[in-house]
file entry29.pdb (PDB, C-alpha atoms, pLDDT in the B column)
ATOM      1  CA  MET S  14       0.000   0.000   0.000  1.00 44.00           C
ATOM      2  CA  LYS S  15       1.325   3.431  -0.939  1.00 52.00           C
ATOM      3  CA  ASP S  16       2.412   5.653   1.944  1.00 57.00           C
ATOM      4  CA  ILE S  17       0.460   8.933   1.702  1.00 57.00           C
ATOM      5  CA  THR S  18       2.022  10.515   4.809  1.00 69.00           C
ATOM      6  CA  THR S  19       3.171  14.027   3.994  1.00 80.00           C
ATOM      7  CA  SER S  20       6.642  15.367   4.765  1.00 84.00           C
ATOM      8  CA  ARG S  21       5.124  17.684   7.373  1.00 84.00           C
ATOM      9  CA  GLU S  22       3.452  14.799   9.189  1.00 85.00           C
ATOM     10  CA  LYS S  23       6.682  12.813   9.168  1.00 85.00           C
ATOM     11  CA  LEU S  24       8.558  15.739  10.662  1.00 86.00           C
ATOM     12  CA  LEU S  25       5.953  16.282  13.376  1.00 87.00           C
ATOM     13  CA  LYS S  26       6.032  12.585  14.189  1.00 86.00           C
ATOM     14  CA  LYS S  27       9.807  12.736  14.709  1.00 84.00           C
ATOM     15  CA  ILE S  28       9.447  15.808  16.939  1.00 84.00           C
ATOM     16  CA  ARG S  29       6.782  14.100  19.093  1.00 84.00           C
ATOM     17  CA  LYS S  30       8.948  11.013  19.415  1.00 82.00           C
ATOM     18  CA  ALA S  31      11.956  13.111  20.427  1.00 78.00           C
ATOM     19  CA  LEU S  32       9.921  14.946  23.061  1.00 77.00           C
ATOM     20  CA  LEU S  33       8.745  11.643  24.547  1.00 78.00           C
ATOM     21  CA  GLU S  34      12.270  10.234  24.620  1.00 76.00           C
ATOM     22  CA  ARG S  35      14.102  13.044  26.362  1.00 71.00           C
ATOM     23  CA  ARG S  36      17.758  12.408  27.084  1.00 73.00           C
ATOM     24  CA  ASP S  37      20.311  14.082  29.277  1.00 76.00           C
ATOM     25  CA  ASN S  38      22.268  16.919  27.688  1.00 74.00           C
ATOM     26  CA  PRO S  39      25.464  15.313  26.331  1.00 71.00           C
ATOM     27  CA  TYR S  40      27.292  18.645  26.628  1.00 68.00           C
ATOM     28  CA  PRO S  41      26.265  20.128  30.013  1.00 71.00           C
ATOM     29  CA  ASN S  42      29.329  22.372  30.249  1.00 70.00           C
ATOM     30  CA  LEU S  43      29.230  23.682  26.706  1.00 63.00           C
ATOM     31  CA  GLU S  44      28.815  27.326  27.789  1.00 65.00           C
ATOM     32  CA  ASP S  45      31.959  27.087  29.895  1.00 67.00           C
ATOM     33  CA  LEU S  46      34.128  26.124  26.940  1.00 62.00           C
ATOM     34  CA  PRO S  47      36.266  29.017  25.614  1.00 64.00           C
ATOM     35  CA  LEU S  48      35.211  30.354  22.202  1.00 61.00           C
ATOM     36  CA  TYR S  49      38.503  32.101  21.540  1.00 63.00           C
ATOM     37  CA  ALA S  50      42.141  31.191  21.817  1.00 60.00           C
ATOM     38  CA  PRO S  51      43.975  32.892  24.717  1.00 65.00           C
ATOM     39  CA  ASP S  52      45.061  36.418  23.797  1.00 67.00           C
ATOM     40  CA  GLU S  53      48.480  37.615  24.934  1.00 67.00           C
ATOM     41  CA  GLU S  54      47.573  41.309  24.649  1.00 78.00           C
ATOM     42  CA  ILE S  55      46.277  43.107  27.731  1.00 89.00           C
ATOM     43  CA  LYS S  56      42.561  44.006  27.751  1.00 92.00           C
ATOM     44  CA  GLU S  57      43.222  47.754  27.456  1.00 94.00           C
ATOM     45  CA  VAL S  58      45.069  47.252  24.156  1.00 94.00           C
ATOM     46  CA  ILE S  59      42.470  44.825  22.808  1.00 94.00           C
ATOM     47  CA  PHE S  60      39.656  47.260  23.605  1.00 95.00           C
ATOM     48  CA  ALA S  61      41.475  50.293  22.176  1.00 95.00           C
ATOM     49  CA  GLU S  62      42.166  48.522  18.872  1.00 94.00           C
ATOM     50  CA  ALA S  63      38.632  47.123  18.535  1.00 94.00           C
ATOM     51  CA  PHE S  64      37.074  50.454  19.540  1.00 94.00           C
ATOM     52  CA  ALA S  65      39.158  52.370  16.994  1.00 94.00           C
ATOM     53  CA  ALA S  66      38.131  49.849  14.317  1.00 92.00           C
ATOM     54  CA  VAL S  67      34.470  50.917  14.763  1.00 90.00           C
ATOM     55  CA  ALA S  68      35.313  54.657  14.614  1.00 90.00           C
ATOM     56  CA  GLY S  69      35.464  55.158  18.392  1.00 93.00           C
ATOM     57  CA  GLN S  70      37.993  57.536  19.946  1.00 94.00           C
ATOM     58  CA  PHE S  71      39.908  56.201  22.934  1.00 96.00           C
ATOM     59  CA  ILE S  72      41.919  58.147  25.546  1.00 95.00           C
ATOM     60  CA  PHE S  73      43.695  56.476  28.468  1.00 95.00           C
ATOM     61  CA  CYS S  74      44.222  58.575  31.613  1.00 94.00           C
ATOM     62  CA  GLU S  75      46.374  57.721  34.605  1.00 92.00           C
ATOM     63  CA  ASP S  76      44.398  59.906  37.029  1.00 92.00           C
ATOM     64  CA  GLU S  77      41.562  62.423  37.301  1.00 92.00           C
ATOM     65  CA  ILE S  78      43.834  65.415  36.673  1.00 92.00           C
ATOM     66  CA  GLN S  79      44.988  64.017  33.333  1.00 94.00           C
ATOM     67  CA  PHE S  80      41.370  63.227  32.474  1.00 93.00           C
ATOM     68  CA  ILE S  81      40.247  66.816  33.155  1.00 93.00           C
ATOM     69  CA  GLU S  82      43.183  68.185  31.156  1.00 93.00           C
ATOM     70  CA  GLU S  83      42.349  65.948  28.189  1.00 94.00           C
ATOM     71  CA  LEU S  84      38.670  66.867  28.412  1.00 93.00           C
ATOM     72  CA  LEU S  85      39.460  70.605  28.541  1.00 92.00           C
ATOM     73  CA  THR S  86      41.735  70.345  25.513  1.00 93.00           C
ATOM     74  CA  LEU S  87      39.133  68.412  23.564  1.00 93.00           C
ATOM     75  CA  ALA S  88      36.326  70.837  24.477  1.00 92.00           C
ATOM     76  CA  GLU S  89      38.423  73.841  23.416  1.00 92.00           C
ATOM     77  CA  GLU S  90      39.355  72.213  20.110  1.00 94.00           C
ATOM     78  CA  ARG S  91      35.723  71.346  19.339  1.00 92.00           C
ATOM     79  CA  ASN S  92      34.288  74.546  20.864  1.00 93.00           C
ATOM     80  CA  TRP S  93      31.852  72.572  23.057  1.00 92.00           C
ATOM     81  CA  ARG S  94      29.723  74.764  25.281  1.00 90.00           C
ATOM     82  CA  LYS S  95      26.705  72.665  26.178  1.00 93.00           C
ATOM     83  CA  ILE S  96      27.971  69.557  27.968  1.00 94.00           C
ATOM     84  CA  TYR S  97      25.258  67.714  29.893  1.00 95.00           C
ATOM     85  CA  CYS S  98      26.090  65.485  32.856  1.00 95.00           C
ATOM     86  CA  TRP S  99      23.444  63.991  35.153  1.00 95.00           C
ATOM     87  CA  GLU S 100      25.277  61.356  37.190  1.00 95.00           C
ATOM     88  CA  PRO S 101      26.299  62.538  40.691  1.00 95.00           C
ATOM     89  CA  PRO S 102      29.774  60.884  40.736  1.00 93.00           C
ATOM     90  CA  LEU S 103      30.659  62.603  37.461  1.00 93.00           C
ATOM     91  CA  GLN S 104      29.140  65.887  38.606  1.00 95.00           C
ATOM     92  CA  ASP S 105      31.197  65.807  41.795  1.00 94.00           C
ATOM     93  CA  MET S 106      34.370  65.243  39.797  1.00 92.00           C
ATOM     94  CA  LEU S 107      33.664  68.080  37.374  1.00 92.00           C
ATOM     95  CA  LYS S 108      32.692  70.457  40.182  1.00 93.00           C
ATOM     96  CA  GLN S 109      35.909  69.634  42.045  1.00 92.00           C
ATOM     97  CA  TYR S 110      37.893  70.958  39.080  1.00 89.00           C
ATOM     98  CA  GLU S 111      35.357  73.736  38.339  1.00 90.00           C
ATOM     99  CA  TYR S 112      34.548  72.333  34.928  1.00 89.00           C
ATOM    100  CA  PRO S 113      31.302  73.879  33.523  1.00 90.00           C
ATOM    101  CA  PHE S 114      28.399  71.598  32.619  1.00 93.00           C
ATOM    102  CA  PHE S 115      24.597  71.393  32.635  1.00 94.00           C
ATOM    103  CA  GLU S 116      23.263  69.246  35.475  1.00 92.00           C
ATOM    104  CA  THR S 117      19.558  69.394  34.524  1.00 91.00           C
ATOM    105  CA  ASP S 118      17.722  68.789  31.269  1.00 90.00           C
ATOM    106  CA  LYS S 119      16.977  72.495  30.720  1.00 90.00           C
ATOM    107  CA  ASP S 120      17.259  73.332  26.979  1.00 92.00           C
ATOM    108  CA  PHE S 121      18.248  69.718  26.391  1.00 91.00           C
ATOM    109  CA  GLU S 122      17.397  70.019  22.702  1.00 91.00           C
ATOM    110  CA  GLN S 123      20.524  72.202  22.421  1.00 92.00           C
ATOM    111  CA  ALA S 124      22.830  69.625  24.027  1.00 92.00           C
ATOM    112  CA  GLU S 125      26.120  69.176  22.203  1.00 94.00           C
ATOM    113  CA  VAL S 126      27.689  66.530  24.447  1.00 95.00           C
ATOM    114  CA  GLY S 127      26.265  63.824  26.681  1.00 95.00           C
ATOM    115  CA  PHE S 128      28.710  62.767  29.390  1.00 95.00           C
ATOM    116  CA  THR S 129      28.011  59.455  31.151  1.00 95.00           C
ATOM    117  CA  LEU S 130      29.430  56.517  33.019  1.00 95.00           C
ATOM    118  CA  CYS S 131      28.892  52.944  31.814  1.00 95.00           C
ATOM    119  CA  GLU S 132      28.343  49.456  33.178  1.00 96.00           C
ATOM    120  CA  ALA S 133      31.276  47.780  31.407  1.00 96.00           C
ATOM    121  CA  LEU S 134      33.663  47.942  28.474  1.00 97.00           C
ATOM    122  CA  ILE S 135      33.757  44.825  26.285  1.00 96.00           C
ATOM    123  CA  ALA S 136      37.313  44.412  25.029  1.00 95.00           C
ATOM    124  CA  ARG S 137      36.672  41.722  22.420  1.00 93.00           C
ATOM    125  CA  ASN S 138      34.425  43.864  20.206  1.00 92.00           C
ATOM    126  CA  GLY S 139      35.276  47.357  21.459  1.00 94.00           C
ATOM    127  CA  SER S 140      31.776  48.022  22.764  1.00 95.00           C
ATOM    128  CA  ILE S 141      30.254  49.816  25.752  1.00 95.00           C
ATOM    129  CA  LEU S 142      27.599  48.291  27.972  1.00 96.00           C
ATOM    130  CA  VAL S 143      25.201  50.939  29.297  1.00 94.00           C
ATOM    131  CA  SER S 144      21.896  50.895  31.151  1.00 93.00           C
ATOM    132  CA  ASN S 145      19.299  53.246  32.569  1.00 91.00           C
ATOM    133  CA  GLY S 146      20.218  52.128  36.071  1.00 90.00           C
ATOM    134  CA  ASN S 147      22.243  55.320  36.487  1.00 86.00           C
ATOM    135  CA  ALA S 148      21.010  58.915  36.579  1.00 86.00           C
ATOM    136  CA  ALA S 149      21.906  59.406  32.898  1.00 87.00           C
ATOM    137  CA  GLY S 150      18.787  57.407  32.031  1.00 86.00           C
ATOM    138  CA  ARG S 151      17.972  56.595  28.416  1.00 86.00           C
ATOM    139  CA  ARG S 152      18.438  59.969  26.708  1.00 90.00           C
ATOM    140  CA  LEU S 153      21.905  61.230  27.506  1.00 91.00           C
ATOM    141  CA  SER S 154      23.794  58.554  25.561  1.00 89.00           C
ATOM    142  CA  ILE S 155      21.507  58.840  22.536  1.00 87.00           C
ATOM    143  CA  TYR S 156      20.358  62.404  21.824  1.00 88.00           C
ATOM    144  CA  PRO S 157      23.488  64.690  21.761  1.00 92.00           C
ATOM    145  CA  ASN S 158      25.761  64.554  18.719  1.00 92.00           C
ATOM    146  CA  VAL S 159      28.701  63.583  20.926  1.00 94.00           C
ATOM    147  CA  HIS S 160      28.724  60.904  23.619  1.00 95.00           C
ATOM    148  CA  ILE S 161      31.609  60.837  26.100  1.00 95.00           C
ATOM    149  CA  VAL S 162      31.989  57.864  28.426  1.00 96.00           C
ATOM    150  CA  LEU S 163      34.183  57.743  31.502  1.00 96.00           C
ATOM    151  CA  ALA S 164      35.100  54.177  32.429  1.00 96.00           C
ATOM    152  CA  TYR S 165      37.528  52.542  34.832  1.00 96.00           C
ATOM    153  CA  THR S 166      39.938  49.685  34.207  1.00 95.00           C
ATOM    154  CA  SER S 167      38.000  47.629  36.770  1.00 94.00           C
ATOM    155  CA  GLN S 168      35.025  47.721  34.352  1.00 96.00           C
ATOM    156  CA  LEU S 169      37.023  46.304  31.457  1.00 96.00           C
ATOM    157  CA  VAL S 170      36.115  42.689  30.621  1.00 95.00           C
ATOM    158  CA  MET S 171      36.863  40.449  27.654  1.00 94.00           C
ATOM    159  CA  ASP S 172      33.422  39.339  26.515  1.00 93.00           C
ATOM    160  CA  LEU S 173      29.765  40.329  26.692  1.00 92.00           C
ATOM    161  CA  LYS S 174      29.048  37.416  29.021  1.00 91.00           C
ATOM    162  CA  ASP S 175      31.521  38.884  31.516  1.00 93.00           C
ATOM    163  CA  GLY S 176      29.820  42.271  31.197  1.00 95.00           C
ATOM    164  CA  PHE S 177      26.470  40.756  32.096  1.00 94.00           C
ATOM    165  CA  GLY S 178      28.219  39.160  35.071  1.00 94.00           C
ATOM    166  CA  LEU S 179      29.132  42.641  36.327  1.00 95.00           C
ATOM    167  CA  LEU S 180      25.521  43.722  35.883  1.00 95.00           C
ATOM    168  CA  LYS S 181      24.302  40.703  37.837  1.00 94.00           C
ATOM    169  CA  ASN S 182      26.727  41.419  40.668  1.00 95.00           C
ATOM    170  CA  LYS S 183      25.714  45.069  40.798  1.00 93.00           C
ATOM    171  CA  TYR S 184      21.931  44.797  40.489  1.00 94.00           C
ATOM    172  CA  GLY S 185      21.120  41.220  41.493  1.00 93.00           C
ATOM    173  CA  ASN S 186      17.615  40.308  40.353  1.00 91.00           C
ATOM    174  CA  GLN S 187      16.623  43.978  39.927  1.00 93.00           C
ATOM    175  CA  LEU S 188      18.182  44.503  36.510  1.00 93.00           C
ATOM    176  CA  PRO S 189      17.602  47.862  34.776  1.00 93.00           C
ATOM    177  CA  SER S 190      14.743  48.001  32.291  1.00 91.00           C
ATOM    178  CA  MET S 191      17.106  49.179  29.540  1.00 91.00           C
ATOM    179  CA  ILE S 192      20.467  47.542  28.845  1.00 92.00           C
ATOM    180  CA  SER S 193      22.246  48.425  25.617  1.00 91.00           C
ATOM    181  CA  ASN S 194      25.537  47.501  23.991  1.00 92.00           C
ATOM    182  CA  ILE S 195      27.034  50.403  22.018  1.00 90.00           C
ATOM    183  CA  THR S 196      29.538  49.553  19.295  1.00 89.00           C
ATOM    184  CA  GLY S 197      30.883  52.769  17.793  1.00 82.00           C
ATOM    185  CA  PRO S 198      28.963  55.888  16.737  1.00 78.00           C
ATOM    186  CA  SER S 199      25.464  55.540  15.300  1.00 63.00           C
ATOM    187  CA  ARG S 200      25.627  54.577  11.629  1.00 57.00           C
ATOM    188  CA  THR S 201      23.609  53.447   8.623  1.00 58.00           C
ATOM    189  CA  ALA S 202      24.275  52.493   5.005  1.00 54.00           C
ATOM    190  CA  ASP S 203      20.631  52.262   3.967  1.00 55.00           C
ATOM    191  CA  ILE S 204      20.849  55.180   1.535  1.00 57.00           C
ATOM    192  CA  GLU S 205      22.713  54.199  -1.645  1.00 57.00           C
ATOM    193  CA  LYS S 206      24.987  51.936   0.430  1.00 56.00           C
ATOM    194  CA  THR S 207      26.895  54.987   1.681  1.00 55.00           C
ATOM    195  CA  LEU S 208      27.997  54.840   5.312  1.00 51.00           C
ATOM    196  CA  VAL S 209      26.607  57.757   7.313  1.00 54.00           C
ATOM    197  CA  LEU S 210      27.599  58.356  10.931  1.00 55.00           C
ATOM    198  CA  GLY S 211      25.151  59.867  13.385  1.00 48.00           C
ATOM    199  CA  ALA S 212      22.048  58.569  11.616  1.00 60.00           C
ATOM    200  CA  HIS S 213      20.126  57.574  14.728  1.00 64.00           C
ATOM    201  CA  GLY S 214      22.317  58.864  17.541  1.00 69.00           C
ATOM    202  CA  PRO S 215      25.728  60.406  18.303  1.00 86.00           C
ATOM    203  CA  LYS S 216      28.113  61.092  15.443  1.00 88.00           C
ATOM    204  CA  GLU S 217      31.137  60.778  17.715  1.00 92.00           C
ATOM    205  CA  LEU S 218      31.848  58.436  20.593  1.00 94.00           C
ATOM    206  CA  PHE S 219      34.703  58.951  23.060  1.00 96.00           C
ATOM    207  CA  VAL S 220      35.875  56.659  25.839  1.00 96.00           C
ATOM    208  CA  PHE S 221      38.141  58.011  28.573  1.00 96.00           C
ATOM    209  CA  LEU S 222      39.569  55.030  30.444  1.00 96.00           C
ATOM    210  CA  LEU S 223      40.746  55.950  33.922  1.00 94.00           C
ATOM    211  CA  ASP S 224      43.194  53.724  35.751  1.00 88.00           C
ATOM    212  CA  GLY S 225      41.537  52.488  38.936  1.00 76.00           C
TER     213      GLY S 225
END
call {"tool": "encode", "arguments": {"input": "entry29.pdb", "output": "structure tokens"}}
result
Amino acid sequence: MKDITTSREKLLKKIRKALLERRDNPYPNLEDLPLYAPDEEIKEVIFAEAFAAVAGQFIFCEDEIQFIEELLTLAEERNWRKIYCWEPPLQDMLKQYEYPFFETDKDFEQAEVGFTLCEALIARNGSILVSNGNAAGRRLSIYPNVHIVLAYTSQLVMDLKDGFGLLKNKYGNQLPSMISNITGPSRTADIEKTLVLGAHGPKELFVFLLDG
């Protein structure tokens, strides 16, 4: 007798059989296996190279004084006047050195620079893990044409999985409602396949990495 069972029915039959005959996972520790060969370069170098490859601008600072000096030089070169900073630790640092900034969202539509902290730096792909768990919220890293991030070497990890580990340690089960991984300035090539920076967010992205 000719078998009239369709291919779909055969597939569903195999799926039902597999569900009834569940087996133990033959690779229970698969997630613990390394995906990459060991890298001899230090994480700071790996991040700087990967970050530069996606059009990010990286500045390493040994202390707060060097950071303020670098920031002042950069602001004078670019003629930045409207720098917005909403996170208390950053505000305290800027006030200590009498650096001018906007600490509220007054006239935010005129913001030139958004200055924030981050949750982690991901060395492998040169990206920045941010969330709305800090006072910067959702807007400050997205709206201004320039986004400046201050990070510390203690926040530098190799992979995204390690970054989420830092988030878990910091927030426990109360994770922020927005977690985003930023890889370079906003970009698109939708129009005539021409790469345009700043299409949906900042045109420039700076990371100041502070030793500590």
call {"tool": "resolve_selection", "arguments": {"input": "entry29.pdb", "expression": "the PyMOL selection byres ((chain S and resi 176) around 8)", "output": "list in words"}}
result
Glu132, Ala133, Leu134, Ile135, Leu142, Val170, Asp172, Leu173, Lys174, Asp175, Phe177, Gly178, Leu179 and Leu180 of chain S
call {"tool": "closest_atom_pairs", "arguments": {"input": "entry29.pdb", "of": "region 95-145 of chain S", "to": "region 79-90 of chain S", "cutoff": "10 Å", "atoms": "only C-alpha atoms", "output": "CSV"}}
result
residue,atom,partner,partner_atom,distance
S:Lys95,CA,S:Ala88,CA,9.9
S:Ile96,CA,S:Ala88,CA,9.1
S:Met106,CA,S:Ile81,CA,9.0
S:Leu107,CA,S:Ile81,CA,7.9
S:Tyr110,CA,S:Ile81,CA,7.6
S:Glu111,CA,S:Ile81,CA,9.9
S:Tyr112,CA,S:Ile81,CA,8.1
S:Val126,CA,S:Ala88,CA,9.7
call {"tool": "residues_around", "arguments": {"input": "entry29.pdb", "residues": "Ala124 (chain S)", "least_positions_apart": "5", "cutoff": "10 Å", "atoms": "all atoms listed in the file", "output": "ChimeraX atom specification"}}
result
/S:93-97,115,118-119,153,156-159
call {"tool": "atom_distance", "arguments": {"input": "entry29.pdb", "atom1": "CA of Val67 (chain S)", "atom2": "CA of Leu218 (chain S)"}}
result
9.9 Å
call {"tool": "residues_around", "arguments": {"input": "entry29.pdb", "residues": "region 188-200 of chain S", "least_positions_apart": "6", "cutoff": "9 Å", "atoms": "all atoms listed in the file", "output": "tab-separated table (two decimals) with C-alpha atoms, keeping the file's coordinate frame"}}
result
chain	number	residue	atom	x	y	z
S	64	PHE	CA	37.07	50.45	19.54
S	65	ALA	CA	39.16	52.37	16.99
S	66	ALA	CA	38.13	49.85	14.32
S	67	VAL	CA	34.47	50.92	14.76
S	68	ALA	CA	35.31	54.66	14.61
S	69	GLY	CA	35.46	55.16	18.39
S	70	GLN	CA	37.99	57.54	19.95
S	135	ILE	CA	33.76	44.82	26.28
S	138	ASN	CA	34.42	43.86	20.21
S	139	GLY	CA	35.28	47.36	21.46
S	140	SER	CA	31.78	48.02	22.76
S	141	ILE	CA	30.25	49.82	25.75
S	142	LEU	CA	27.60	48.29	27.97
S	143	VAL	CA	25.20	50.94	29.30
S	144	SER	CA	21.90	50.90	31.15
S	145	ASN	CA	19.30	53.25	32.57
S	146	GLY	CA	20.22	52.13	36.07
S	147	ASN	CA	22.24	55.32	36.49
S	150	GLY	CA	18.79	57.41	32.03
S	151	ARG	CA	17.97	56.60	28.42
S	155	ILE	CA	21.51	58.84	22.54
S	159	VAL	CA	28.70	63.58	20.93
S	160	HIS	CA	28.72	60.90	23.62
S	173	LEU	CA	29.76	40.33	26.69
S	180	LEU	CA	25.52	43.72	35.88
S	181	LYS	CA	24.30	40.70	37.84
S	208	LEU	CA	28.00	54.84	5.31
S	209	VAL	CA	26.61	57.76	7.31
S	210	LEU	CA	27.60	58.36	10.93
S	211	GLY	CA	25.15	59.87	13.38
S	212	ALA	CA	22.05	58.57	11.62
S	213	HIS	CA	20.13	57.57	14.73
S	214	GLY	CA	22.32	58.86	17.54
S	215	PRO	CA	25.73	60.41	18.30
S	216	LYS	CA	28.11	61.09	15.44
S	217	GLU	CA	31.14	60.78	17.72
S	218	LEU	CA	31.85	58.44	20.59
S	219	PHE	CA	34.70	58.95	23.06
call {"tool": "axis_aligned_box", "arguments": {"input": "entry29.pdb", "around": "region 130-144 of chain S", "padding_each_side": "5 Å", "output": "AutoDock Vina command-line options"}}
result
--center_x 29.6 --center_y 49.1 --center_z 26.7 --size_x 25.4 --size_y 24.8 --size_z 23.0
call {"tool": "resolve_selection", "arguments": {"input": "entry29.pdb", "expression": "the PyMOL selection byres ((chain S and resi 76) around 10)", "output": "MDAnalysis selection string"}}
result
chainID S and resid 73:75 77:81 222:225
call {"tool": "residues_around", "arguments": {"input": "entry29.pdb", "residues": "Ala149 (chain S)", "least_positions_apart": "6", "cutoff": "7 Å", "atoms": "all atoms listed in the file", "output": "PDB file with C-alpha atoms, in the frame of the given file"}}
result
ATOM      1  CA  TRP S  99      23.444  63.991  35.153  1.00 95.00           C
ATOM      2  CA  GLU S 100      25.277  61.356  37.190  1.00 95.00           C
ATOM      3  CA  THR S 129      28.011  59.455  31.151  1.00 95.00           C
TER       4      THR S 129
END
call {"tool": "atom_distance", "arguments": {"input": "entry29.pdb", "atom1": "CA of Glu57 (chain S)", "atom2": "CA of Phe128 (chain S)"}}
result
21.0 Å
call {"tool": "closest_residue", "arguments": {"input": "entry29.pdb", "among": "S:Ile55, S:Asp105, S:Ile72, S:Lys23", "to": "Met171 (chain S)", "atoms": "all atoms listed in the file"}}
result
S:Ile55
call {"tool": "closest_residue", "arguments": {"input": "entry29.pdb", "among": "S:Arg29, S:Asp37, S:Gln168, S:Ala148", "to": "Pro102 (chain S)", "atoms": "all atoms listed in the file"}}
result
S:Ala148
call {"tool": "atom_distance", "arguments": {"input": "entry29.pdb", "atom1": "CA of Glu122 (chain S)", "atom2": "CA of Phe221 (chain S)"}}
result
24.7 Å
call {"tool": "decode", "arguments": {"input": "entry29.pdb", "residues": "region 175-194 of chain S", "atoms": "C-alpha atoms", "output": "mmCIF file, in the first residue's frame"}}
result
data_model
loop_
_atom_site.group_PDB
_atom_site.id
_atom_site.type_symbol
_atom_site.label_atom_id
_atom_site.label_comp_id
_atom_site.auth_asym_id
_atom_site.auth_seq_id
_atom_site.Cartn_x
_atom_site.Cartn_y
_atom_site.Cartn_z
ATOM 1 C CA ASP S 175 31.521 38.884 31.516
ATOM 2 C CA GLY S 176 29.820 42.271 31.197
ATOM 3 C CA PHE S 177 26.470 40.756 32.096
ATOM 4 C CA GLY S 178 28.219 39.160 35.071
ATOM 5 C CA LEU S 179 29.132 42.641 36.327
ATOM 6 C CA LEU S 180 25.521 43.722 35.883
ATOM 7 C CA LYS S 181 24.302 40.703 37.837
ATOM 8 C CA ASN S 182 26.727 41.419 40.668
ATOM 9 C CA LYS S 183 25.714 45.069 40.798
ATOM 10 C CA TYR S 184 21.931 44.797 40.489
ATOM 11 C CA GLY S 185 21.120 41.220 41.493
ATOM 12 C CA ASN S 186 17.615 40.308 40.353
ATOM 13 C CA GLN S 187 16.623 43.978 39.927
ATOM 14 C CA LEU S 188 18.182 44.503 36.510
ATOM 15 C CA PRO S 189 17.602 47.862 34.776
ATOM 16 C CA SER S 190 14.743 48.001 32.291
ATOM 17 C CA MET S 191 17.106 49.179 29.540
ATOM 18 C CA ILE S 192 20.467 47.542 28.845
ATOM 19 C CA SER S 193 22.246 48.425 25.617
ATOM 20 C CA ASN S 194 25.537 47.501 23.991
#
